[in-house]
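Notes to accompany the following structure.
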Amino acid sequence: MTDRSTIVLIDDDPLFRESLGRNLEDSGYAVETFADGPTAIEPLTRGDLAPSLILLDWKMPRMTGIEVLRQLRSSGDVTPVIFLTTLNDQLYEETALTNGAVDYVDKGRGFNILLRRINLILEGSKPVPGMPNGAENGAVGQAIEPEEILTLGPLTLDVSSARARWRDQPVDLTITEFRIVRKLAENAGRDLSYRALYDAVRGEGFIAGSGDEGYRANVRTHIKRIRQKFREIDASFDAILNYAGFGYGWRAEG
């Protein structure tokens with residue numbers, strides 16, 4: 001790193017704050033730590049602190065991490081937020097991403113993995129809510145125009161709200177499922193690998209499970225659920241194509 005970007009760490013565990021804070025400082029970052037949400041909210045929303053990134057625990061006294069995130073976003077703060085937590089249920093992850101977090105990392109993962117995720121975000125390799133992907137110098141606070149409606153035959157995707165419709169009927173997709181459908185639809189007629197689809201959800205290079213099967217099994221599970229949800233609306237749905245041993249594709253119109 002050529003500059004000393006500041007990371008804010010909000011976590012109620014003092015030993016965890018000390019250990020992670022020291023590792024981040026050794027990696028070239030300046031670190032500001034807080035033991036709870038209310039203590040951090042005030043300087044962040046008042047403008048006393050302008051960090052490059054916030055690491056946020058979920059389960060904390062006085063105010064949960066998701067409440068902290070919602071207050072930040074409602075105040076207009078678009079600093080990228082990574083949830084760093086032991087809560088690994090998909091519902092928590094989807095809630096975090098829906099409310100404007102850019103990543104959700106299990107505390108059990110090694111520091112090098114977390115550091116890689118941080119660097120990817122600050123280098124502009126991952127989109128940040130409220131700012132263009134790859135914004136120059138990682139600046140935050142720049143508004144973007146709402147994205148367009150993507151239409152492909154009977155499929156309609158409202159990208160800005162992550163809503164999908166099939167034959168004018170709403171499809172109840174999770175955020176993760178929506179991202180996979182979007183990736184497939186934007187590449188209709190092309191074969192997409194398991195890895196490409198997983199990267200669309202987690203970000204390029206994210207490690208999942210043990211070896212190839214870590215992400216392959218994950219993608220297969222998501223595709224199975226996606227198909228089921230479309231077939232609840234249209235029993236003849238066959239737009240998602242299998243490519244055995246490689247991945248999936250979306251059937252091209254015409």
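Ordering of the structure tokens sets the chain letters (A, B, ...); residue numbers start at 1 within each chain; ligands are numbered from 1 in the order shown.
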* To do: Write out as a list in words which residues come within 12 Å of Ser75 of chain A when counting only C-alpha atoms, dropping same-chain ones fewer than 2 positions away.
  => Ile41, Glu42, Leu44, Thr45, Arg46, Gly47, Val68, Leu69, Arg70, Gln71, Leu72, Arg73, Asp77, Val78, Thr79 and Gly141 of chain A
* **Residue neighbourhood Thr86 of chain A, 9 Å, only C-alpha atoms, exclusion window fewer than 3 positions, as an MDAnalysis selection string** => chainID A and resid 57:59 105:108
Would you save the residues of that selection, restricted to all heavy atoms, as a JSON list (two decimals), in the first residue's frame?
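So the final result, stored in out.json, reads:
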[["chain", "number", "residue", "atom", "x", "y", "z"],
["A", 57, "ASP", "N", -19.12, -6.18, 13.44],
["A", 57, "ASP", "CA", -19.67, -7.38, 14.07],
["A", 57, "ASP", "C", -21.19, -7.29, 14.05],
["A", 57, "ASP", "O", -21.76, -6.19, 13.97],
["A", 57, "ASP", "CB", -19.15, -7.48, 15.50],
["A", 57, "ASP", "CG", -19.51, -8.80, 16.17],
["A", 57, "ASP", "OD1", -19.81, -9.77, 15.45],
["A", 57, "ASP", "OD2", -19.48, -8.86, 17.40],
["A", 58, "TRP", "N", -21.88, -8.43, 14.13],
["A", 58, "TRP", "CA", -23.34, -8.42, 14.11],
["A", 58, "TRP", "C", -23.90, -8.38, 15.53],
["A", 58, "TRP", "O", -24.68, -7.49, 15.88],
["A", 58, "TRP", "CB", -23.88, -9.66, 13.40],
["A", 58, "TRP", "CG", -25.35, -9.60, 13.13],
["A", 58, "TRP", "CD1", -26.36, -9.59, 14.06],
["A", 58, "TRP", "CD2", -26.00, -9.53, 11.86],
["A", 58, "TRP", "NE1", -27.59, -9.52, 13.45],
["A", 58, "TRP", "CE2", -27.39, -9.49, 12.10],
["A", 58, "TRP", "CE3", -25.53, -9.52, 10.55],
["A", 58, "TRP", "CZ2", -28.32, -9.43, 11.06],
["A", 58, "TRP", "CZ3", -26.45, -9.47, 9.52],
["A", 58, "TRP", "CH2", -27.83, -9.42, 9.77],
["A", 59, "LYS", "N", -23.50, -9.32, 16.37],
["A", 59, "LYS", "CA", -24.07, -9.44, 17.71],
["A", 59, "LYS", "C", -23.27, -8.58, 18.69],
["A", 59, "LYS", "O", -22.16, -8.94, 19.09],
["A", 59, "LYS", "CB", -24.08, -10.91, 18.16],
["A", 59, "LYS", "CG", -24.97, -11.80, 17.32],
["A", 59, "LYS", "CD", -24.91, -13.24, 17.78],
["A", 59, "LYS", "CE", -25.54, -13.42, 19.15],
["A", 59, "LYS", "NZ", -25.60, -14.84, 19.56],
["A", 105, "VAL", "N", -18.05, -12.01, 5.94],
["A", 105, "VAL", "CA", -16.93, -12.94, 6.11],
["A", 105, "VAL", "C", -17.02, -13.60, 7.49],
["A", 105, "VAL", "O", -17.21, -12.92, 8.50],
["A", 105, "VAL", "CB", -15.58, -12.21, 5.97],
["A", 105, "VAL", "CG1", -14.42, -13.19, 6.15],
["A", 105, "VAL", "CG2", -15.49, -11.52, 4.61],
["A", 106, "ASP", "N", -16.86, -14.91, 7.52],
["A", 106, "ASP", "CA", -16.85, -15.65, 8.77],
["A", 106, "ASP", "C", -15.59, -15.34, 9.55],
["A", 106, "ASP", "O", -14.49, -15.33, 9.01],
["A", 106, "ASP", "CB", -16.92, -17.15, 8.45],
["A", 106, "ASP", "CG", -17.21, -17.99, 9.69],
["A", 106, "ASP", "OD1", -16.48, -17.84, 10.70],
["A", 106, "ASP", "OD2", -18.14, -18.81, 9.64],
["A", 107, "LYS", "N", -15.74, -15.10, 10.85],
["A", 107, "LYS", "CA", -14.59, -14.80, 11.70],
["A", 107, "LYS", "C", -13.59, -15.96, 11.75],
["A", 107, "LYS", "O", -12.43, -15.76, 12.08],
["A", 107, "LYS", "CB", -15.03, -14.48, 13.13],
["A", 107, "LYS", "CG", -15.54, -13.06, 13.32],
["A", 107, "LYS", "CD", -15.84, -12.80, 14.79],
["A", 107, "LYS", "CE", -16.23, -11.35, 15.03],
["A", 107, "LYS", "NZ", -16.53, -11.08, 16.45],
["A", 108, "GLY", "N", -14.06, -17.16, 11.44],
["A", 108, "GLY", "CA", -13.18, -18.31, 11.48],
["A", 108, "GLY", "C", -12.18, -18.37, 10.34],
["A", 108, "GLY", "O", -11.22, -19.16, 10.39]]
* Asked: Can you list, as a ChimeraX atom specification, every protein, DNA or RNA residue that comes within 8 Å of segment 192-197 of chain A when you count only C-alpha atoms, leaving out same-chain residues fewer than 5 positions away?
  -> /A:180,183-184,187,215-216,219,246-249
Now that the selection is made, can you save its residues with all heavy atoms as an mmCIF file, in the first residue's frame?
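And here's out_24.cif as it stands now:
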data_model
loop_
_atom_site.group_PDB
_atom_site.id
_atom_site.type_symbol
_atom_site.label_atom_id
_atom_site.label_comp_id
_atom_site.auth_asym_id
_atom_site.auth_seq_id
_atom_site.Cartn_x
_atom_site.Cartn_y
_atom_site.Cartn_z
ATOM 1 N N ILE A 180 -27.216 -14.677 -9.531
ATOM 2 C CA ILE A 180 -26.919 -15.783 -10.445
ATOM 3 C C ILE A 180 -27.779 -15.679 -11.699
ATOM 4 O O ILE A 180 -27.281 -15.831 -12.827
ATOM 5 C CB ILE A 180 -27.141 -17.136 -9.733
ATOM 6 C CG1 ILE A 180 -26.058 -17.330 -8.669
ATOM 7 C CG2 ILE A 180 -27.111 -18.281 -10.743
ATOM 8 C CD1 ILE A 180 -26.251 -18.572 -7.821
ATOM 9 N N LYS A 183 -26.475 -12.910 -13.889
ATOM 10 C CA LYS A 183 -25.248 -13.308 -14.583
ATOM 11 C C LYS A 183 -25.568 -14.200 -15.778
ATOM 12 O O LYS A 183 -25.021 -14.030 -16.874
ATOM 13 C CB LYS A 183 -24.324 -14.045 -13.614
ATOM 14 C CG LYS A 183 -22.969 -14.449 -14.200
ATOM 15 C CD LYS A 183 -22.076 -13.260 -14.410
ATOM 16 C CE LYS A 183 -20.675 -13.682 -14.806
ATOM 17 N NZ LYS A 183 -19.773 -12.517 -15.006
ATOM 18 N N LEU A 184 -26.467 -15.150 -15.577
ATOM 19 C CA LEU A 184 -26.856 -16.042 -16.667
ATOM 20 C C LEU A 184 -27.550 -15.277 -17.787
ATOM 21 O O LEU A 184 -27.240 -15.457 -18.977
ATOM 22 C CB LEU A 184 -27.781 -17.134 -16.130
ATOM 23 C CG LEU A 184 -27.155 -18.203 -15.244
ATOM 24 C CD1 LEU A 184 -28.241 -19.017 -14.556
ATOM 25 C CD2 LEU A 184 -26.233 -19.111 -16.058
ATOM 26 N N ASN A 187 -25.522 -13.138 -20.042
ATOM 27 C CA ASN A 187 -24.655 -13.934 -20.923
ATOM 28 C C ASN A 187 -25.450 -15.015 -21.639
ATOM 29 O O ASN A 187 -24.944 -16.114 -21.875
ATOM 30 C CB ASN A 187 -23.525 -14.562 -20.106
ATOM 31 C CG ASN A 187 -22.564 -13.537 -19.550
ATOM 32 O OD1 ASN A 187 -21.611 -13.135 -20.202
ATOM 33 N ND2 ASN A 187 -22.818 -13.095 -18.321
ATOM 34 N N TYR A 215 -17.192 -24.760 -4.367
ATOM 35 C CA TYR A 215 -18.081 -23.833 -5.049
ATOM 36 C C TYR A 215 -19.016 -24.528 -6.026
ATOM 37 O O TYR A 215 -20.120 -24.060 -6.277
ATOM 38 C CB TYR A 215 -17.295 -22.717 -5.748
ATOM 39 C CG TYR A 215 -16.346 -23.152 -6.836
ATOM 40 C CD1 TYR A 215 -16.806 -23.415 -8.115
ATOM 41 C CD2 TYR A 215 -14.977 -23.263 -6.600
ATOM 42 C CE1 TYR A 215 -15.946 -23.786 -9.129
ATOM 43 C CE2 TYR A 215 -14.106 -23.628 -7.609
ATOM 44 C CZ TYR A 215 -14.590 -23.894 -8.869
ATOM 45 O OH TYR A 215 -13.730 -24.258 -9.871
ATOM 46 N N ARG A 216 -18.616 -25.673 -6.586
ATOM 47 C CA ARG A 216 -19.499 -26.390 -7.513
ATOM 48 C C ARG A 216 -20.792 -26.807 -6.819
ATOM 49 O O ARG A 216 -21.890 -26.592 -7.337
ATOM 50 C CB ARG A 216 -18.789 -27.629 -8.078
ATOM 51 C CG ARG A 216 -17.695 -27.324 -9.090
ATOM 52 C CD ARG A 216 -16.959 -28.598 -9.455
ATOM 53 N NE ARG A 216 -15.858 -28.318 -10.352
ATOM 54 C CZ ARG A 216 -15.881 -28.533 -11.663
ATOM 55 N NH1 ARG A 216 -16.976 -29.005 -12.224
ATOM 56 N NH2 ARG A 216 -14.824 -28.263 -12.402
ATOM 57 N N VAL A 219 -23.058 -23.783 -6.131
ATOM 58 C CA VAL A 219 -23.767 -23.294 -7.323
ATOM 59 C C VAL A 219 -24.886 -24.250 -7.712
ATOM 60 O O VAL A 219 -25.999 -23.820 -8.043
ATOM 61 C CB VAL A 219 -22.788 -23.093 -8.495
ATOM 62 C CG1 VAL A 219 -23.544 -22.808 -9.796
ATOM 63 C CG2 VAL A 219 -21.820 -21.950 -8.194
ATOM 64 N N PHE A 246 -19.170 -28.615 -16.339
ATOM 65 C CA PHE A 246 -18.651 -27.271 -16.607
ATOM 66 C C PHE A 246 -19.455 -26.191 -15.889
ATOM 67 O O PHE A 246 -18.912 -25.386 -15.142
ATOM 68 C CB PHE A 246 -18.658 -26.988 -18.110
ATOM 69 C CG PHE A 246 -18.144 -25.621 -18.462
ATOM 70 C CD1 PHE A 246 -16.782 -25.348 -18.458
ATOM 71 C CD2 PHE A 246 -19.018 -24.586 -18.790
ATOM 72 C CE1 PHE A 246 -16.294 -24.076 -18.764
ATOM 73 C CE2 PHE A 246 -18.548 -23.319 -19.102
ATOM 74 C CZ PHE A 246 -17.176 -23.071 -19.087
ATOM 75 N N GLY A 247 -20.775 -26.172 -16.114
ATOM 76 C CA GLY A 247 -21.568 -25.130 -15.496
ATOM 77 C C GLY A 247 -22.964 -25.056 -16.077
ATOM 78 O O GLY A 247 -23.589 -26.080 -16.349
ATOM 79 N N TYR A 248 -23.432 -23.833 -16.319
ATOM 80 C CA TYR A 248 -24.811 -23.614 -16.776
ATOM 81 C C TYR A 248 -24.852 -22.480 -17.804
ATOM 82 O O TYR A 248 -23.883 -21.738 -17.980
ATOM 83 C CB TYR A 248 -25.711 -23.242 -15.590
ATOM 84 C CG TYR A 248 -25.803 -24.335 -14.544
ATOM 85 C CD1 TYR A 248 -24.954 -24.338 -13.442
ATOM 86 C CD2 TYR A 248 -26.748 -25.363 -14.655
ATOM 87 C CE1 TYR A 248 -25.028 -25.331 -12.477
ATOM 88 C CE2 TYR A 248 -26.835 -26.352 -13.699
ATOM 89 C CZ TYR A 248 -25.965 -26.333 -12.605
ATOM 90 O OH TYR A 248 -26.043 -27.331 -11.665
ATOM 91 N N GLY A 249 -25.999 -22.346 -18.435
ATOM 92 C CA GLY A 249 -26.228 -21.263 -19.370
ATOM 93 C C GLY A 249 -27.698 -20.874 -19.376
ATOM 94 O O GLY A 249 -28.550 -21.620 -18.865
#
* DSSP-assigned alpha helix (DSSP H) members of segment 19-73 of chain A, reported as a PyMOL selection string -> chain A and resi 19-26+37-46+65-73
* Within 10 Å of Pro170 of chain A, counting only C-alpha atoms, which residues show up once you throw out same-chain ones fewer than 4 positions away? Write them as a PyMOL selection string, please. => chain A and resi 155-157+163-166+229-230+233
Create the file for the chosen residues now, containing N, CA, C and O atoms and written as an mmCIF file, in the first residue's frame.
data_model
loop_
_atom_site.group_PDB
_atom_site.id
_atom_site.type_symbol
_atom_site.label_atom_id
_atom_site.label_comp_id
_atom_site.auth_asym_id
_atom_site.auth_seq_id
_atom_site.Cartn_x
_atom_site.Cartn_y
_atom_site.Cartn_z
ATOM 1 N N LEU A 155 -38.433 -13.007 -19.211
ATOM 2 C CA LEU A 155 -37.729 -12.625 -17.982
ATOM 3 C C LEU A 155 -37.540 -11.113 -17.911
ATOM 4 O O LEU A 155 -37.102 -10.487 -18.876
ATOM 5 N N THR A 156 -37.854 -10.542 -16.765
ATOM 6 C CA THR A 156 -37.593 -9.127 -16.501
ATOM 7 C C THR A 156 -36.842 -9.013 -15.181
ATOM 8 O O THR A 156 -37.279 -9.562 -14.157
ATOM 9 N N LEU A 157 -35.713 -8.310 -15.205
ATOM 10 C CA LEU A 157 -34.912 -8.103 -14.007
ATOM 11 C C LEU A 157 -34.801 -6.613 -13.733
ATOM 12 O O LEU A 157 -34.327 -5.858 -14.578
ATOM 13 N N ARG A 163 -35.226 -7.344 -8.191
ATOM 14 C CA ARG A 163 -36.497 -8.037 -8.330
ATOM 15 C C ARG A 163 -36.578 -8.701 -9.699
ATOM 16 O O ARG A 163 -36.149 -8.121 -10.700
ATOM 17 N N ALA A 164 -37.135 -9.914 -9.716
ATOM 18 C CA ALA A 164 -37.265 -10.660 -10.964
ATOM 19 C C ALA A 164 -38.732 -10.974 -11.235
ATOM 20 O O ALA A 164 -39.520 -11.195 -10.306
ATOM 21 N N ARG A 165 -39.078 -10.988 -12.526
ATOM 22 C CA ARG A 165 -40.424 -11.383 -12.940
ATOM 23 C C ARG A 165 -40.290 -12.359 -14.107
ATOM 24 O O ARG A 165 -39.418 -12.199 -14.962
ATOM 25 N N TRP A 166 -41.185 -13.349 -14.146
ATOM 26 C CA TRP A 166 -41.222 -14.313 -15.242
ATOM 27 C C TRP A 166 -42.659 -14.381 -15.745
ATOM 28 O O TRP A 166 -43.564 -14.637 -14.974
ATOM 29 N N LYS A 229 -38.222 -22.305 -8.122
ATOM 30 C CA LYS A 229 -39.020 -21.085 -7.961
ATOM 31 C C LYS A 229 -39.637 -20.646 -9.287
ATOM 32 O O LYS A 229 -40.788 -20.186 -9.322
ATOM 33 N N PHE A 230 -38.884 -20.774 -10.389
ATOM 34 C CA PHE A 230 -39.462 -20.433 -11.691
ATOM 35 C C PHE A 230 -40.556 -21.428 -12.087
ATOM 36 O O PHE A 230 -41.574 -21.036 -12.671
ATOM 37 N N ILE A 233 -44.078 -20.985 -10.981
ATOM 38 C CA ILE A 233 -44.840 -20.040 -11.797
ATOM 39 C C ILE A 233 -45.169 -20.630 -13.158
ATOM 40 O O ILE A 233 -46.273 -20.477 -13.684
#
Would you pick out the contacts of Ser27 of chain A at 12 Å or less, using only C-alpha atoms, so that residues sharing its chain but fewer than 3 positions from it are not included, and give the list as an mmCIF file with N, CA, C and O atoms, in the first residue's frame?
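Okay, this is what ended up in result36.cif:
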data_model
loop_
_atom_site.group_PDB
_atom_site.id
_atom_site.type_symbol
_atom_site.label_atom_id
_atom_site.label_comp_id
_atom_site.auth_asym_id
_atom_site.auth_seq_id
_atom_site.Cartn_x
_atom_site.Cartn_y
_atom_site.Cartn_z
ATOM 1 N N MET A 1 0.836 -1.197 0.000
ATOM 2 C CA MET A 1 0.000 0.000 0.000
ATOM 3 C C MET A 1 0.869 1.243 0.000
ATOM 4 O O MET A 1 1.870 1.324 0.687
ATOM 5 N N THR A 2 0.472 2.247 -0.759
ATOM 6 C CA THR A 2 1.253 3.469 -0.827
ATOM 7 C C THR A 2 0.714 4.535 0.110
ATOM 8 O O THR A 2 1.412 5.477 0.443
ATOM 9 N N ASP A 3 -0.541 4.430 0.519
ATOM 10 C CA ASP A 3 -1.087 5.371 1.475
ATOM 11 C C ASP A 3 -1.552 4.592 2.698
ATOM 12 O O ASP A 3 -1.513 3.382 2.731
ATOM 13 N N ARG A 4 -1.958 5.317 3.708
ATOM 14 C CA ARG A 4 -2.360 4.666 4.953
ATOM 15 C C ARG A 4 -3.865 4.825 5.113
ATOM 16 O O ARG A 4 -4.345 5.705 5.844
ATOM 17 N N SER A 5 -4.612 3.988 4.435
ATOM 18 C CA SER A 5 -6.061 4.026 4.516
ATOM 19 C C SER A 5 -6.509 3.646 5.920
ATOM 20 O O SER A 5 -5.871 2.835 6.591
ATOM 21 N N THR A 6 -7.609 4.243 6.347
ATOM 22 C CA THR A 6 -8.126 3.982 7.686
ATOM 23 C C THR A 6 -9.261 2.976 7.631
ATOM 24 O O THR A 6 -10.175 3.090 6.810
ATOM 25 N N ILE A 7 -9.198 1.994 8.511
ATOM 26 C CA ILE A 7 -10.265 1.011 8.675
ATOM 27 C C ILE A 7 -10.850 1.176 10.064
ATOM 28 O O ILE A 7 -10.126 1.257 11.053
ATOM 29 N N LEU A 20 -6.966 -8.290 15.741
ATOM 30 C CA LEU A 20 -7.211 -7.922 14.347
ATOM 31 C C LEU A 20 -6.652 -6.539 14.047
ATOM 32 O O LEU A 20 -6.068 -6.304 12.983
ATOM 33 N N GLY A 21 -6.818 -5.612 14.986
ATOM 34 C CA GLY A 21 -6.291 -4.267 14.782
ATOM 35 C C GLY A 21 -4.795 -4.278 14.561
ATOM 36 O O GLY A 21 -4.270 -3.577 13.680
ATOM 37 N N ARG A 22 -4.077 -5.086 15.346
ATOM 38 C CA ARG A 22 -2.622 -5.168 15.194
ATOM 39 C C ARG A 22 -2.242 -5.749 13.830
ATOM 40 O O ARG A 22 -1.314 -5.268 13.160
ATOM 41 N N ASN A 23 -2.957 -6.786 13.407
ATOM 42 C CA ASN A 23 -2.673 -7.384 12.097
ATOM 43 C C ASN A 23 -2.915 -6.397 10.961
ATOM 44 O O ASN A 23 -2.149 -6.348 9.993
ATOM 45 N N LEU A 24 -3.986 -5.628 11.073
ATOM 46 C CA LEU A 24 -4.282 -4.641 10.030
ATOM 47 C C LEU A 24 -3.219 -3.543 10.001
ATOM 48 O O LEU A 24 -2.793 -3.105 8.924
ATOM 49 N N ALA A 30 -4.221 2.185 8.916
ATOM 50 C CA ALA A 30 -4.525 2.849 10.183
ATOM 51 C C ALA A 30 -5.856 2.284 10.669
ATOM 52 O O ALA A 30 -6.748 2.022 9.864
ATOM 53 N N VAL A 31 -5.987 2.067 11.968
ATOM 54 C CA VAL A 31 -7.169 1.407 12.514
ATOM 55 C C VAL A 31 -7.761 2.223 13.648
ATOM 56 O O VAL A 31 -7.047 2.669 14.550
ATOM 57 N N PHE A 111 -6.687 -14.595 8.645
ATOM 58 C CA PHE A 111 -6.504 -13.163 8.399
ATOM 59 C C PHE A 111 -6.124 -12.883 6.953
ATOM 60 O O PHE A 111 -6.556 -11.880 6.376
ATOM 61 N N ASN A 112 -5.335 -13.736 6.331
ATOM 62 C CA ASN A 112 -4.915 -13.491 4.953
ATOM 63 C C ASN A 112 -6.091 -13.452 3.994
ATOM 64 O O ASN A 112 -6.092 -12.679 3.021
ATOM 65 N N LEU A 114 -9.220 -12.526 4.858
ATOM 66 C CA LEU A 114 -9.883 -11.245 5.125
ATOM 67 C C LEU A 114 -9.115 -10.099 4.495
ATOM 68 O O LEU A 114 -9.712 -9.200 3.877
ATOM 69 N N LEU A 115 -7.796 -10.114 4.617
ATOM 70 C CA LEU A 115 -6.979 -9.042 4.044
ATOM 71 C C LEU A 115 -7.157 -8.976 2.533
ATOM 72 O O LEU A 115 -7.235 -7.884 1.953
ATOM 73 N N ARG A 116 -7.238 -10.136 1.895
ATOM 74 C CA ARG A 116 -7.449 -10.161 0.443
ATOM 75 C C ARG A 116 -8.798 -9.550 0.084
ATOM 76 O O ARG A 116 -8.911 -8.787 -0.877
ATOM 77 N N ILE A 118 -10.454 -7.304 1.813
ATOM 78 C CA ILE A 118 -10.339 -5.861 2.040
ATOM 79 C C ILE A 118 -9.632 -5.194 0.865
ATOM 80 O O ILE A 118 -10.082 -4.171 0.334
ATOM 81 N N ASN A 119 -8.521 -5.775 0.446
ATOM 82 C CA ASN A 119 -7.750 -5.184 -0.654
ATOM 83 C C ASN A 119 -8.550 -5.157 -1.953
ATOM 84 O O ASN A 119 -8.476 -4.188 -2.715
#
* Nearest to Glu93 of chain A, chosen from A:Ile66, A:Val171, A:Ala50, A:Leu9, with only C-alpha atoms counted in the distances ->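 Closest candidate: A:Ile66.
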* In Å, rounded to a single decimal, give me how far atom CA of Gly28 of chain A is from atom CA of Asp11 of chain A. =>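 Spanning atom CA of Asp11 of chain A to atom CA of Gly28 of chain A is a straight-line distance of 20.4 Å.
Interatomic distance, atom CA of Pro43 of chain A to atom CA of Ile10 of chain A: 12.6 Å.
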* Those of segment 6-251 of chain A in DSSP strand (DSSP E), formatted as a ChimeraX atom specification -> /A:6-10,30-34,53-56,81-85,103-106,149-152,155-158,163-166,169-171,192-193,240-243,247-250
* Between A:Ile240, A:Met60, A:Phe16, A:Gln90, single out the one closest to Lys224 of chain A, counting only C-alpha atoms. =>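 Ranking A:Ile240, A:Met60, A:Phe16, A:Gln90 by distance to Lys224 of chain A, first place goes to A:Ile240.
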